[in-house]
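Following: one structure in structure tokens, then a few remarks.
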2 protein chains.
Amino acid sequence: MPDSVQPAPTAASTDPAALAVMRGFPPPPEKTVRAVDTTSWRFPNTRWSFSHQRELGPSAAIRRGPASATVLPLSLRDDLDAVPFVTLDGRPTTWGESVEEMFTDGLVVLHRGAVVYETYRGALQPHIPHLAMSVTKSFAGLLAAVLAHEGAIDPGAPVTEYVPELAGSAFGDATVRHVMDMTTGVRYREDYVDPDAEVRFYGVAAGWSPPPKGYAGPTTIFDFLRTLQKQGEHGEAFAYKTCNTEVLGWIVQRAADKPFAELVSERIWRNLGAEEDGYVMVDSTGFALCGAGLNVTTRDLARFGEMMRLGGAVAGRQVVPRAVVDDIAGGARKEDFAKAGYVTLPGWSYRNQWWVSHNRFGAYSARGIHGQVCYVAPGAEMVIARFASHPTAANGNGPLDRVSLPAYEAIAAHLNA
Amino acid sequence: MPDSVQPAPTAASTDPAALAVMRGFPPPPEKTVRAVDTTSWRFPNTRWSFSHQRELGPSAAIRRGPASATVLPLSLRDDLDAVPFVTLDGRPTTWGESVEEMFTDGLVVLHRGAVVYETYRGALQPHIPHLAMSVTKSFAGLLAAVLAHEGAIDPGAPVTEYVPELAGSAFGDATVRHVMDMTTGVRYREDYVDPDAEVRFYGVAAGWSPPPKGYAGPTTIFDFLRTLQKQGEHGEAFAYKTCNTEVLGWIVQRAADKPFAELVSERIWRNLGAEEDGYVMVDSTGFALCGAGLNVTTRDLARFGEMMRLGGAVAGRQVVPRAVVDDIAGGARKEDFAKAGYVTLPGWSYRNQWWVSHNRFGAYSARGIHGQVCYVAPGAEMVIARFASHPTAANGNGPLDRVSLPAYEAIAAHLNA
């Protein structure tokens, strides 16, 4: 059958169990998913690999510690799947259809702290951590904001105060605030379909991809960051570039003198009532991919969002300062954000590595390509944690947002009707 | 200073914290430990890397599940360090000195189920899993024995009944029992200081070492096993060869149709009251290194030994059948074992991947190079879990046994005096 008439893949047609991806001891070669030959990044193998990251490369544990998990009360509702809404393209659909259409792997909706919707598909199960992609950034931003609140980091200080090694790079005259809010002027093309984009070299340095033949570039995150050069001015416009988060991660780790995984554990995971240890993928020298490497379970991501919704507290105990959460929820300058040109995100802003909608529910979110999200809607007393393996990796989740964003608003409205 | 007059390294002189191994963001190049350049296998870097395996390569989780950890009662004694004994070389020393001399990273001694001795050194902490090396084999052997007990594996059947792919290899006419007890006749040199030994190619297939330039050999465990050829006859002599365990792991996983990590979790770890998830290193296709890849905490290894000591039960509940434990504790034919020529292990035998001493305490143990051990002494109501990063990787732990074995017996006698 020629390509032109092949039906578009669906979640059902790419189900990893039905396709027998990684089934057998060993699986047949065409069903074997490996990092070394990048088959782990090839759709539909990603439907399996996003739930099996640690089996593909080095990682560091984010321990939950010895405390018991908090109980997530179950108050499952069977009326959500039928909730109708209209996509940004004007197409009528329902919540249930959108869950399937988004290649959802795991989804937990909390309303007033109770689980009202929960589903696992593809290769994901309740106890398995899923790759959070750029949701990781919001963890890094939250940590940075907490350290700033404590005075351990000065957002107004130059990046080089913490990382003098970056003096000769694009970040040589940037401030910590610029990287926190991604308003640096740096040549860094975050285009996943352009083979010459800097994000490809990030991939090699991160260990996501093996180096191409004859590659002589950086092979660690820290070395990679030093190669980046300036383009434009700092502080004028939001531009989503993962390198900012990796710089922020470098600042945070050096200021706290602790690896990212330990910081997330100490500052967040141990105090969240998490059910499972999380983990973060690390580069070949053991340093966390602060921009994309986090893996946690769906329920634990929902717990994280619920902590944010409640102003940084879990069961009445402050985990992160309320002022830090309020600052994120309040967002940043919409005019800086508008310059990035996201047609699906009108009136949004970006603060401390969180995407702030300024919508009627005051929703803000952590977002990752292929459909990862932690959507916190305080005005609707709702949190959505979603992991997915959508084939599209388009920058900013644009095509997915056309379905997901109205879906989230519809559910928020329905739950509060 | 010329090599000839350099003092021998000690635990104190190679302490990873004092040496600042992997300290800093990033550490200086000479303090950076990586898998890709094999610096992770170079002593004294191993003093750090044996406690950080998952940060160096792919791994699979051995989940402990949602249950609480069992409490290990503390009954610490301060009289153990002074217990005197004489090494097999006739040198008088003490338990405390031997702990230091063996480059101990973690050590837990249980007597009648209570912790009487516990120490963490080097890079190890109570909550951190340590590389168990060939202690892994005893987990694989125990799983195989459990499956045999249930009838899912027939020890008398040919290996090819489960793994027909091995028909053309050394294992083509071997039985499951031969690989369980390591009495196969297979050309496989387990010599860690011979660069031409088959164990080197195992290292490449396992992902422990990067392939040498121009390498065209097997790059996965399963492919590696198919290349091994016969040498001698099966069933005549014990010969310690890791390839047997990897074949056994293949049999076990195919018979149970589950990956090793899931089997260890379901059959052992979830029922042990373990404090932490363990993990196993996997090859580039995600399959466990059943011969050497296990990582668990010291306390959890002690819990595992205690379960064995109590005939397979934890808190009165059977985890593995008593008959399986009794069979291991009873050992195998001493005359087969004697042919291997271990001068430090006179009168021992090897059963289901366990080393059986037949000593006055009925001790049997799981053993791994560089000083890993789970020593179960039912007659002394004692269990010793020890992790170490001794520079010596000599086959069979011979040089270490000259100190360790009389130390264990001395402590056993002392505790029961």
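Following the order of the structure tokens, first chain is A, next is B, and so on, with residues numbered from 1 inside each chain and ligands from 1 in the order they appear.
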Can you check which residues of chain A have any atom within 10 Å of chain B? Use only C-alpha atoms and format it as a PyMOL selection string. chain A and resi 22-27+29+32-37+52-61+63-69+127-128+163+220-223+250-251+253-255+257-259+275-277+280-288
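Residues within 7 Å of stretch 166-169 of chain A, counting only C-alpha atoms and excluding same-chain residues fewer than 5 positions away, are Thr160, Arg226, Thr227, Leu228 and Gln229 of chain A.
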Write the selection just made, keeping C-alpha atoms, as a tab-separated table (two decimals), in the first residue's frame?
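Contents of out38.tsv, as written:
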```
chain	number	residue	atom	x	y	z
A	160	THR	CA	28.26	33.72	35.63
A	226	ARG	CA	29.39	26.35	26.79
A	227	THR	CA	29.20	26.12	22.99
A	228	LEU	CA	25.98	28.11	22.63
A	229	GLN	CA	26.22	31.60	21.18
```
Considering only C-alpha atoms, return as a list in words whatever protein or nucleic-acid residues lie within 10 Å of A:Phe224, sequence-local ones (same chain, fewer than 3 positions apart) excluded. Glu198, Phe201, Tyr202, Gly203, Val204, Ala205, Ala206, Gly217, Pro218, Thr219, Thr220, Ile221, Thr227, Leu228, Cys243 and Glu246 of chain A
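Remark: for B:Thr344, the closest of the candidate residues B:Ser209, B:Ser134, B:Thr242, B:Thr87 is B:Thr87 (distances computed over only C-alpha atoms).
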Could you tell me how far atom CA of B:Ala388 sits from atom CA of B:Met102, in Å to one decimal place?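 Separating atom CA of B:Met102 from atom CA of B:Ala388 is a distance of 6.9 Å.
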DSSP says helix (DSSP H, G or I) for which residues of stretch 123-209 of chain A? Put them as a ChimeraX atom specification? /A:135-149,159-161,164-166,170-173,176-180,198-206
Set the distance at 7 Å and use only C-alpha atoms: which residues neighbour B:Asp105 once local chain neighbours fewer than 6 positions away are removed? I'd like the list as a ChimeraX atom specification. /B:120-122,124,387-389
6 Å contact set for B:Tyr350, only C-alpha atoms, chain neighbours under 6 positions out, as an NGL selection string: :B and (331-332 or 356)
Residues just named, written with N, CA and C atoms as a PDB file, in the first residue's frame:
```pdb
ATOM      1  N   GLY B 331      23.404 -28.622  49.583  1.00  0.00           N
ATOM      2  CA  GLY B 331      24.549 -28.633  48.679  1.00  0.00           C
ATOM      3  C   GLY B 331      24.467 -29.707  47.617  1.00  0.00           C
ATOM      4  N   ALA B 332      25.601 -29.902  46.945  1.00  0.00           N
ATOM      5  CA  ALA B 332      25.690 -30.888  45.865  1.00  0.00           C
ATOM      6  C   ALA B 332      26.913 -31.767  46.111  1.00  0.00           C
ATOM      7  N   VAL B 356      28.043 -23.717  49.015  1.00  0.00           N
ATOM      8  CA  VAL B 356      27.661 -24.397  50.248  1.00  0.00           C
ATOM      9  C   VAL B 356      28.925 -24.871  50.969  1.00  0.00           C
TER      10      VAL B 356
END
```
Near A:Pro126, within 8 Å and counting only C-alpha atoms, which residues show up once chain neighbours fewer than 3 positions away are dropped, as a list in words?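 Answer for this query is Gly106, Tyr120, Thr297, Thr298 and Arg299 of chain A.
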Would you output that residue set with C-alpha atoms, as a compact mmCIF listing (two decimals), in the first residue's frame?
```txt
# COMPACT_ATOMS: atom_id res chain seq x y z
CA GLY A 106 -1.87 7.59 31.65
CA TYR A 120 -3.83 3.64 31.78
CA THR A 297 4.04 7.87 37.80
CA THR A 298 0.82 9.49 36.68
CA ARG A 299 -0.64 9.48 40.19
```
When DSSP is applied to the backbone of this structure, which of stretch 189-397 of chain B are assigned strand (DSSP E)? Write them out as JSON, numbers by chain. {"B": [278, 279, 280, 281, 294, 295, 296, 313, 314, 317, 318, 349, 350, 351, 354, 355, 356, 364, 365, 366, 367, 368, 372, 373, 374, 375, 376, 377, 382, 383, 384, 385, 386, 387, 388]}
Taking 3 positions as the minimum chain separation for residues in the same chain, which residues sit within 9 Å of A:Ala157 when counting only C-alpha atoms? Answer as a list in words. Ile153, Asp154, Thr160, Glu161, Tyr162, Ala174, Thr175, Val176 and Arg177 of chain A
How would the residues just picked look written out with C-alpha atoms as an mmCIF file, in the first residue's frame?
```cif
data_model
loop_
_atom_site.group_PDB
_atom_site.id
_atom_site.type_symbol
_atom_site.label_atom_id
_atom_site.label_comp_id
_atom_site.auth_asym_id
_atom_site.auth_seq_id
_atom_site.Cartn_x
_atom_site.Cartn_y
_atom_site.Cartn_z
ATOM 1 C CA ILE A 153 20.037 32.093 44.386
ATOM 2 C CA ASP A 154 19.657 35.738 43.322
ATOM 3 C CA THR A 160 28.257 33.720 35.627
ATOM 4 C CA GLU A 161 28.069 34.421 39.360
ATOM 5 C CA TYR A 162 27.147 30.742 39.738
ATOM 6 C CA ALA A 174 22.386 36.955 30.977
ATOM 7 C CA THR A 175 20.828 37.016 34.415
ATOM 8 C CA VAL A 176 19.376 34.096 36.314
ATOM 9 C CA ARG A 177 15.917 35.605 35.784
#
```
